[in-house]
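Read through the structure below, which is laid out as structure tokens, and then see the notes.
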Amino acid sequence: MNARSMFPRSFLFLQGPPGPFFWLLAQELSARGHDVHRINFNGGDKVDWPGKAVNYRGPQSGWNQFFDHYVRDHGITDILLFGDCRPLHRAAQGMATLRGVAIHVFEEGYIRPHWMTMEPEGVNGNSTLPRDPQWLVRQAAGLPPLPKPIAIQASFGRRVKDTLRYYTHDCLSRWQYPFYTSHRPGSLLIEGGGWLFKFARQRLHRKHIEQAIAQVGSAPYFLFPLQLNSDYQIRSHSPFTGMYEAALYVIESFAHHAPGNTMLVVKEHPLDCSYRSWSRYIRKHARRLGIEDRVLHIAGGGLDKMAEESLGIVTVNSTSGTLGLAVGTPVFVLGQAVYDIAGITHQGKLDEFWTAPTPPDKTLYDAFCRVLHARCLISGGIASQSAIAILVESALKRLLNNPALISRKENKSRVVIHHPAINQPASSAASTSFSSTGA
């Protein structure tokens, strides 16, 4: 046990993923003698946290002051949150940085399915992980080999159950949180209707979907895995306003610059439940560009195999890019991705990628993965009870045993692996209370 884990710390939990993960992690921290706190923003947060908490019911304009006073008055040393692009989370991170509070950001894993992201300061486009290839190789030299993944069970039904429970309570208690605005576009009813529409469409077109999947590989092809149109990675970390805009950009580039004997396979995201038909949208623009017979839309199939057998993968910033990199497939990134590094992904223009895609340097990608695992990834998941149990154990180890973390705070031009010092609680001697909530 190191010095940091021996001192009692004060952990503040903000929004987590739908389900019990944050609550179970907090119970383990409390059992080890640490203080735990929670601020709820809506009824979904409240139902996922059955213990003592503070409910923030004020407007966003008052959040910064409320959060800062809470951190100061309770001697908060660490904040934990899921998704660093949510407006209230962004504001909290800024104020926490001013107070020297450690920030732990969780997200879906950079590499899936056996890992979750747990990174200091920010993730994805906000990640502080350096993109310098030589630095990665130097740092990886002092790190152990890649850990073997722990098999993680995932249940789509469990994920749906946790999500439905969360957003149902969010909707039913909106009157208690009048200023809260979800980071997700649309509404629960619209999304639920979208899922019913999706299932009906899949049943109706099942034969066509199977035929399209069977057609993959009939000619050399490039792969374009779609992301969710509501994904914050698209809205915050790319030049596009949504996936339809990104898809049009890719299809037009392919039409004008890809070799005539190649195809473009556009794979629909398995969780896409929009009412708009991707098949009709893609077919319309492929026909307009005179490449209808060279563009294939599919709504199923195994992404791993497609990634391995493709000539190259084009992605905005999806983690699906790592599936290709792991098997040596060239990858082109249109937005900001933590793995978009010279020597790993194709650098340059998309128009050039179609004719001369650059494969990843195996040694460099291995170094990147070793650094990524040491700093940004933990075992576990949120789609089954066993996966959550593994995730809680992994998060505890990262939080309390204090493995080497890579930080850019002290000197952004010279990044080192170090053990961060203990965050001392700010003095509350001169504090004043500010609250626009009810406990």
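Quick note on naming: the chains in the structure tokens go A, B, ... in the order shown, residues restart at 1 in each chain, and ligands are numbered from 1 in order of appearance.
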Which residues, written as a compact mmCIF listing (two decimals) with N, CA and C atoms, in the first residue's frame, have at least one atom at most 8 Å from A:His297, with only C-alpha atoms counted and residues fewer than 5 positions away on the same chain left out?
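And here's around.txt as it stands now:
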```
# COMPACT_ATOMS: atom_id res chain seq x y z
N ALA A 212 -27.05 -8.92 -47.89
CA ALA A 212 -26.03 -7.87 -47.89
C ALA A 212 -24.78 -8.30 -47.14
N VAL A 265 -18.08 -0.52 -47.86
CA VAL A 265 -19.07 -1.17 -46.99
C VAL A 265 -19.37 -0.23 -45.82
N VAL A 266 -20.61 0.21 -45.74
CA VAL A 266 -21.06 1.10 -44.67
C VAL A 266 -21.84 0.26 -43.66
N LYS A 267 -21.26 0.07 -42.48
CA LYS A 267 -21.88 -0.78 -41.47
C LYS A 267 -22.64 0.06 -40.45
N GLU A 268 -23.91 -0.22 -40.30
CA GLU A 268 -24.75 0.52 -39.37
C GLU A 268 -24.41 0.15 -37.92
N TRP A 278 -30.94 4.53 -42.89
CA TRP A 278 -29.58 4.65 -43.41
C TRP A 278 -29.49 4.04 -44.82
N SER A 279 -30.16 2.94 -45.02
CA SER A 279 -30.11 2.28 -46.32
C SER A 279 -30.59 3.20 -47.43
N ILE A 282 -28.04 6.22 -47.93
CA ILE A 282 -26.80 5.84 -48.59
C ILE A 282 -27.05 5.51 -50.06
```
Find the residues near stretch 126-139 of chain A: any atom within 9 Å, counting only C-alpha atoms, skip ones fewer than 2 places away on the same chain, and give them as a PyMOL selection string. chain A and resi 84-85+119-124+141-143+237+336-344+363-364+366-368+370-372+375-376+406-408+415-417
In Å, with one decimal, what is the gap from atom CA of A:Trp115 to atom CA of A:Leu350? 29.8 Å
Extract, using only C-alpha atoms, all DNA, RNA and protein residues at most 9 Å from A:Arg112, discarding same-chain residues fewer than 5 positions from it, and format them as a PDB file with C-alpha atoms, in the first residue's frame.
```
ATOM      1  CA  THR A 319     -13.124   2.769 -31.044  1.00  0.00           C
ATOM      2  CA  SER A 320     -13.838   0.400 -33.942  1.00  0.00           C
ATOM      3  CA  THR A 322      -8.645  -0.158 -32.859  1.00  0.00           C
ATOM      4  CA  LEU A 323     -10.087  -3.427 -34.202  1.00  0.00           C
TER       5      LEU A 323
END
```
Residues within 10 Å of A:Val295, only C-alpha atoms, excluding chain neighbours under 4 positions, as a PyMOL selection string: chain A and resi 221-222+251+254-255+262-266+282-283+285-287+291
C-alpha atoms of the current selection, written as a compact mmCIF listing (two decimals), in the first residue's frame:
```txt
# COMPACT_ATOMS: atom_id res chain seq x y z
CA TYR A 221 -13.57 -3.19 -49.94
CA PHE A 222 -13.04 -0.34 -47.52
CA ILE A 251 -19.11 8.56 -49.86
CA PHE A 254 -14.78 7.41 -52.25
CA ALA A 255 -16.71 8.17 -55.45
CA THR A 262 -13.15 -1.43 -54.85
CA MET A 263 -16.33 -1.25 -52.78
CA LEU A 264 -17.32 0.80 -49.74
CA VAL A 265 -19.07 -1.17 -46.99
CA VAL A 266 -21.06 1.10 -44.67
CA ILE A 282 -26.80 5.84 -48.59
CA ARG A 283 -28.45 4.41 -51.71
CA HIS A 285 -26.34 9.51 -52.63
CA ALA A 286 -24.52 6.53 -54.13
CA ARG A 287 -26.96 6.63 -57.04
CA ILE A 291 -21.52 4.34 -57.63
```
Give me the residues within 12 Å of A:Ala395 as a PDB file with N, CA and C atoms, in the first residue's frame, counting only C-alpha atoms and dropping any in the same chain fewer than 4 places off.
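What follows is the written file selection-v2.pdb:
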```pdb
ATOM      1  N   PHE A  21     -23.102   0.792 -10.937  1.00  0.00           N
ATOM      2  CA  PHE A  21     -21.647   0.809 -10.831  1.00  0.00           C
ATOM      3  C   PHE A  21     -21.122   1.851  -9.854  1.00  0.00           C
ATOM      4  N   PHE A  22     -21.520   3.108  -9.984  1.00  0.00           N
ATOM      5  CA  PHE A  22     -20.992   4.160  -9.109  1.00  0.00           C
ATOM      6  C   PHE A  22     -21.363   3.903  -7.649  1.00  0.00           C
ATOM      7  N   LEU A  24     -21.967   1.009  -6.112  1.00  0.00           N
ATOM      8  CA  LEU A  24     -21.191  -0.111  -5.580  1.00  0.00           C
ATOM      9  C   LEU A  24     -19.736   0.282  -5.343  1.00  0.00           C
ATOM     10  N   LEU A  25     -19.173   1.075  -6.250  1.00  0.00           N
ATOM     11  CA  LEU A  25     -17.803   1.551  -6.061  1.00  0.00           C
ATOM     12  C   LEU A  25     -17.709   2.434  -4.826  1.00  0.00           C
ATOM     13  N   ALA A  26     -18.693   3.280  -4.631  1.00  0.00           N
ATOM     14  CA  ALA A  26     -18.701   4.162  -3.455  1.00  0.00           C
ATOM     15  C   ALA A  26     -18.766   3.366  -2.160  1.00  0.00           C
ATOM     16  N   GLU A  28     -17.573   0.421  -1.579  1.00  0.00           N
ATOM     17  CA  GLU A  28     -16.253  -0.172  -1.337  1.00  0.00           C
ATOM     18  C   GLU A  28     -15.269   0.878  -0.828  1.00  0.00           C
ATOM     19  N   LEU A  29     -15.335   2.075  -1.369  1.00  0.00           N
ATOM     20  CA  LEU A  29     -14.461   3.151  -0.885  1.00  0.00           C
ATOM     21  C   LEU A  29     -14.801   3.508   0.558  1.00  0.00           C
ATOM     22  N   LEU A  80     -15.388  11.843  -9.539  1.00  0.00           N
ATOM     23  CA  LEU A  80     -15.553  10.763 -10.497  1.00  0.00           C
ATOM     24  C   LEU A  80     -16.789  11.054 -11.334  1.00  0.00           C
ATOM     25  N   HIS A 104     -11.275  11.906 -12.276  1.00  0.00           N
ATOM     26  CA  HIS A 104     -11.262  10.556 -12.845  1.00  0.00           C
ATOM     27  C   HIS A 104     -12.459  10.432 -13.779  1.00  0.00           C
ATOM     28  N   VAL A 105     -12.186  10.282 -15.071  1.00  0.00           N
ATOM     29  CA  VAL A 105     -13.243  10.245 -16.077  1.00  0.00           C
ATOM     30  C   VAL A 105     -13.417   8.815 -16.582  1.00  0.00           C
ATOM     31  N   PHE A 106     -14.651   8.330 -16.539  1.00  0.00           N
ATOM     32  CA  PHE A 106     -14.984   7.003 -17.052  1.00  0.00           C
ATOM     33  C   PHE A 106     -15.706   7.150 -18.387  1.00  0.00           C
ATOM     34  N   TRP A 115     -12.746  -4.063 -21.641  1.00  0.00           N
ATOM     35  CA  TRP A 115     -12.150  -2.942 -20.913  1.00  0.00           C
ATOM     36  C   TRP A 115     -13.097  -1.752 -20.857  1.00  0.00           C
ATOM     37  N   MET A 116     -12.913  -0.938 -19.828  1.00  0.00           N
ATOM     38  CA  MET A 116     -13.571   0.356 -19.728  1.00  0.00           C
ATOM     39  C   MET A 116     -12.488   1.417 -19.613  1.00  0.00           C
ATOM     40  N   THR A 117     -12.806   2.613 -20.050  1.00  0.00           N
ATOM     41  CA  THR A 117     -11.866   3.720 -19.922  1.00  0.00           C
ATOM     42  C   THR A 117     -12.001   4.359 -18.551  1.00  0.00           C
ATOM     43  N   MET A 118     -10.869   4.559 -17.892  1.00  0.00           N
ATOM     44  CA  MET A 118     -10.797   5.338 -16.654  1.00  0.00           C
ATOM     45  C   MET A 118      -9.520   6.154 -16.765  1.00  0.00           C
ATOM     46  N   GLU A 119      -9.671   7.429 -17.058  1.00  0.00           N
ATOM     47  CA  GLU A 119      -8.517   8.254 -17.412  1.00  0.00           C
ATOM     48  C   GLU A 119      -8.502   9.539 -16.584  1.00  0.00           C
ATOM     49  N   ARG A 375      -2.454   3.506 -18.216  1.00  0.00           N
ATOM     50  CA  ARG A 375      -2.965   4.806 -17.802  1.00  0.00           C
ATOM     51  C   ARG A 375      -4.469   4.971 -17.953  1.00  0.00           C
ATOM     52  N   CYS A 376      -5.074   4.315 -18.940  1.00  0.00           N
ATOM     53  CA  CYS A 376      -6.435   4.687 -19.338  1.00  0.00           C
ATOM     54  C   CYS A 376      -7.459   3.564 -19.289  1.00  0.00           C
ATOM     55  N   LEU A 377      -7.062   2.322 -19.129  1.00  0.00           N
ATOM     56  CA  LEU A 377      -8.006   1.220 -19.226  1.00  0.00           C
ATOM     57  C   LEU A 377      -8.042   0.393 -17.949  1.00  0.00           C
ATOM     58  N   ILE A 378      -9.233  -0.077 -17.607  1.00  0.00           N
ATOM     59  CA  ILE A 378      -9.397  -1.016 -16.495  1.00  0.00           C
ATOM     60  C   ILE A 378     -10.336  -2.127 -16.950  1.00  0.00           C
ATOM     61  N   SER A 379     -10.196  -3.298 -16.345  1.00  0.00           N
ATOM     62  CA  SER A 379     -11.025  -4.442 -16.712  1.00  0.00           C
ATOM     63  C   SER A 379     -12.454  -4.260 -16.206  1.00  0.00           C
ATOM     64  N   GLY A 380     -13.398  -4.790 -16.957  1.00  0.00           N
ATOM     65  CA  GLY A 380     -14.776  -4.778 -16.499  1.00  0.00           C
ATOM     66  C   GLY A 380     -15.733  -4.218 -17.518  1.00  0.00           C
ATOM     67  N   GLY A 381     -16.993  -4.124 -17.121  1.00  0.00           N
ATOM     68  CA  GLY A 381     -18.031  -3.594 -17.987  1.00  0.00           C
ATOM     69  C   GLY A 381     -19.251  -3.239 -17.166  1.00  0.00           C
ATOM     70  N   ILE A 388     -19.745  -5.800 -13.762  1.00  0.00           N
ATOM     71  CA  ILE A 388     -19.708  -4.655 -12.851  1.00  0.00           C
ATOM     72  C   ILE A 388     -18.835  -4.967 -11.647  1.00  0.00           C
ATOM     73  N   ALA A 389     -18.908  -6.205 -11.136  1.00  0.00           N
ATOM     74  CA  ALA A 389     -18.076  -6.598  -9.996  1.00  0.00           C
ATOM     75  C   ALA A 389     -16.595  -6.493 -10.353  1.00  0.00           C
ATOM     76  N   ILE A 390     -16.226  -6.926 -11.555  1.00  0.00           N
ATOM     77  CA  ILE A 390     -14.843  -6.822 -12.010  1.00  0.00           C
ATOM     78  C   ILE A 390     -14.452  -5.358 -12.170  1.00  0.00           C
ATOM     79  N   LEU A 391     -15.381  -4.559 -12.690  1.00  0.00           N
ATOM     80  CA  LEU A 391     -15.108  -3.142 -12.901  1.00  0.00           C
ATOM     81  C   LEU A 391     -14.871  -2.410 -11.584  1.00  0.00           C
ATOM     82  N   LEU A 399      -7.675   3.530  -8.225  1.00  0.00           N
ATOM     83  CA  LEU A 399      -7.833   4.689  -7.348  1.00  0.00           C
ATOM     84  C   LEU A 399      -6.935   4.628  -6.117  1.00  0.00           C
ATOM     85  N   LEU A 400      -6.839   3.462  -5.502  1.00  0.00           N
ATOM     86  CA  LEU A 400      -6.198   3.360  -4.191  1.00  0.00           C
ATOM     87  C   LEU A 400      -4.764   2.843  -4.229  1.00  0.00           C
ATOM     88  N   ASN A 401      -4.458   1.966  -5.159  1.00  0.00           N
ATOM     89  CA  ASN A 401      -3.098   1.452  -5.225  1.00  0.00           C
ATOM     90  C   ASN A 401      -2.185   2.348  -6.039  1.00  0.00           C
ATOM     91  N   ASN A 402      -2.812   3.333  -6.678  1.00  0.00           N
ATOM     92  CA  ASN A 402      -2.056   4.397  -7.325  1.00  0.00           C
ATOM     93  C   ASN A 402      -0.981   3.888  -8.273  1.00  0.00           C
ATOM     94  N   PRO A 403      -1.360   3.213  -9.364  1.00  0.00           N
ATOM     95  CA  PRO A 403      -0.365   2.813 -10.343  1.00  0.00           C
ATOM     96  C   PRO A 403       0.212   4.038 -11.019  1.00  0.00           C
TER      97      PRO A 403
END
```
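Here atom CA of A:Gln60 stands at a distance of 7.2 Å from atom CA of A:Leu88.
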How many Å lie between atom CA of A:Phe179 and atom CA of A:Thr77, rounded to one decimal? 27.7 Å
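Neighbours of stretch 89-98 of chain A closer than or equal to 9 Å, with only C-alpha atoms counted and sequence neighbours fewer than 6 positions away skipped, come out as Leu14, Gln15, Trp63, Asn64, Gln65, Phe67, Asp68, Val71, Asp78, Ile79, Leu81, Phe82, Gly83, Glu121 and Gly122 of chain A.
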Just C-alpha atoms for this one: save the residues we selected as an mmCIF file, in the first residue's frame.
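Result saved to part31.cif:
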```cif
data_model
loop_
_atom_site.group_PDB
_atom_site.id
_atom_site.type_symbol
_atom_site.label_atom_id
_atom_site.label_comp_id
_atom_site.auth_asym_id
_atom_site.auth_seq_id
_atom_site.Cartn_x
_atom_site.Cartn_y
_atom_site.Cartn_z
ATOM 1 C CA LEU A 14 -21.302 13.009 -10.292
ATOM 2 C CA GLN A 15 -23.271 11.271 -13.064
ATOM 3 C CA TRP A 63 -23.713 25.317 -10.888
ATOM 4 C CA ASN A 64 -20.084 26.519 -10.875
ATOM 5 C CA GLN A 65 -20.460 28.370 -7.583
ATOM 6 C CA PHE A 67 -19.916 22.948 -7.051
ATOM 7 C CA ASP A 68 -16.931 25.009 -5.919
ATOM 8 C CA VAL A 71 -15.758 20.896 -3.005
ATOM 9 C CA ASP A 78 -11.290 13.399 -6.060
ATOM 10 C CA ILE A 79 -14.260 13.645 -8.401
ATOM 11 C CA LEU A 81 -17.798 11.157 -13.529
ATOM 12 C CA PHE A 82 -18.905 9.311 -16.654
ATOM 13 C CA GLY A 83 -18.539 11.326 -19.860
ATOM 14 C CA GLU A 121 -8.446 14.719 -16.579
ATOM 15 C CA GLY A 122 -10.272 13.826 -19.810
#
```
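Using only C-alpha atoms, the shortest contact distance between A:Leu248 and any of A:Arg159, A:Lys148, A:Arg288, A:His169 is found at A:Arg288.
In the backbone-derived DSSP annotation, strand (DSSP E) within stretch 147-385 of chain A comprises Tyr221, Phe222, Leu223, Phe224, Pro225, Met263, Leu264, Val265, Val266, Lys267, Val295, Leu296, His297, Ile298, Gly312, Ile313, Val314, Thr315, Val331, Phe332, Val333, Leu377, Ile378 and Ser379 of chain A.
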Please produce a file of those selected residues containing C-alpha atoms, as an mmCIF file, in the first residue's frame.
```
data_model
loop_
_atom_site.group_PDB
_atom_site.id
_atom_site.type_symbol
_atom_site.label_atom_id
_atom_site.label_comp_id
_atom_site.auth_asym_id
_atom_site.auth_seq_id
_atom_site.Cartn_x
_atom_site.Cartn_y
_atom_site.Cartn_z
ATOM 1 C CA TYR A 221 -13.568 -3.190 -49.944
ATOM 2 C CA PHE A 222 -13.044 -0.341 -47.520
ATOM 3 C CA LEU A 223 -15.053 -0.326 -44.292
ATOM 4 C CA PHE A 224 -16.878 2.666 -42.819
ATOM 5 C CA PRO A 225 -18.469 1.778 -39.432
ATOM 6 C CA MET A 263 -16.330 -1.248 -52.775
ATOM 7 C CA LEU A 264 -17.316 0.803 -49.737
ATOM 8 C CA VAL A 265 -19.067 -1.166 -46.987
ATOM 9 C CA VAL A 266 -21.056 1.096 -44.666
ATOM 10 C CA LYS A 267 -21.884 -0.785 -41.465
ATOM 11 C CA VAL A 295 -21.538 1.033 -52.038
ATOM 12 C CA LEU A 296 -23.015 -1.587 -49.714
ATOM 13 C CA HIS A 297 -25.013 -0.781 -46.582
ATOM 14 C CA ILE A 298 -25.324 -3.550 -43.989
ATOM 15 C CA GLY A 312 -8.776 -0.047 -44.772
ATOM 16 C CA ILE A 313 -11.149 1.484 -42.238
ATOM 17 C CA VAL A 314 -12.476 5.023 -42.263
ATOM 18 C CA THR A 315 -13.882 6.308 -38.975
ATOM 19 C CA VAL A 331 -7.143 3.278 -40.476
ATOM 20 C CA PHE A 332 -8.064 6.859 -41.380
ATOM 21 C CA VAL A 333 -9.516 9.146 -38.687
ATOM 22 C CA LEU A 377 -8.006 1.220 -19.226
ATOM 23 C CA ILE A 378 -9.397 -1.016 -16.495
ATOM 24 C CA SER A 379 -11.025 -4.442 -16.712
#
```
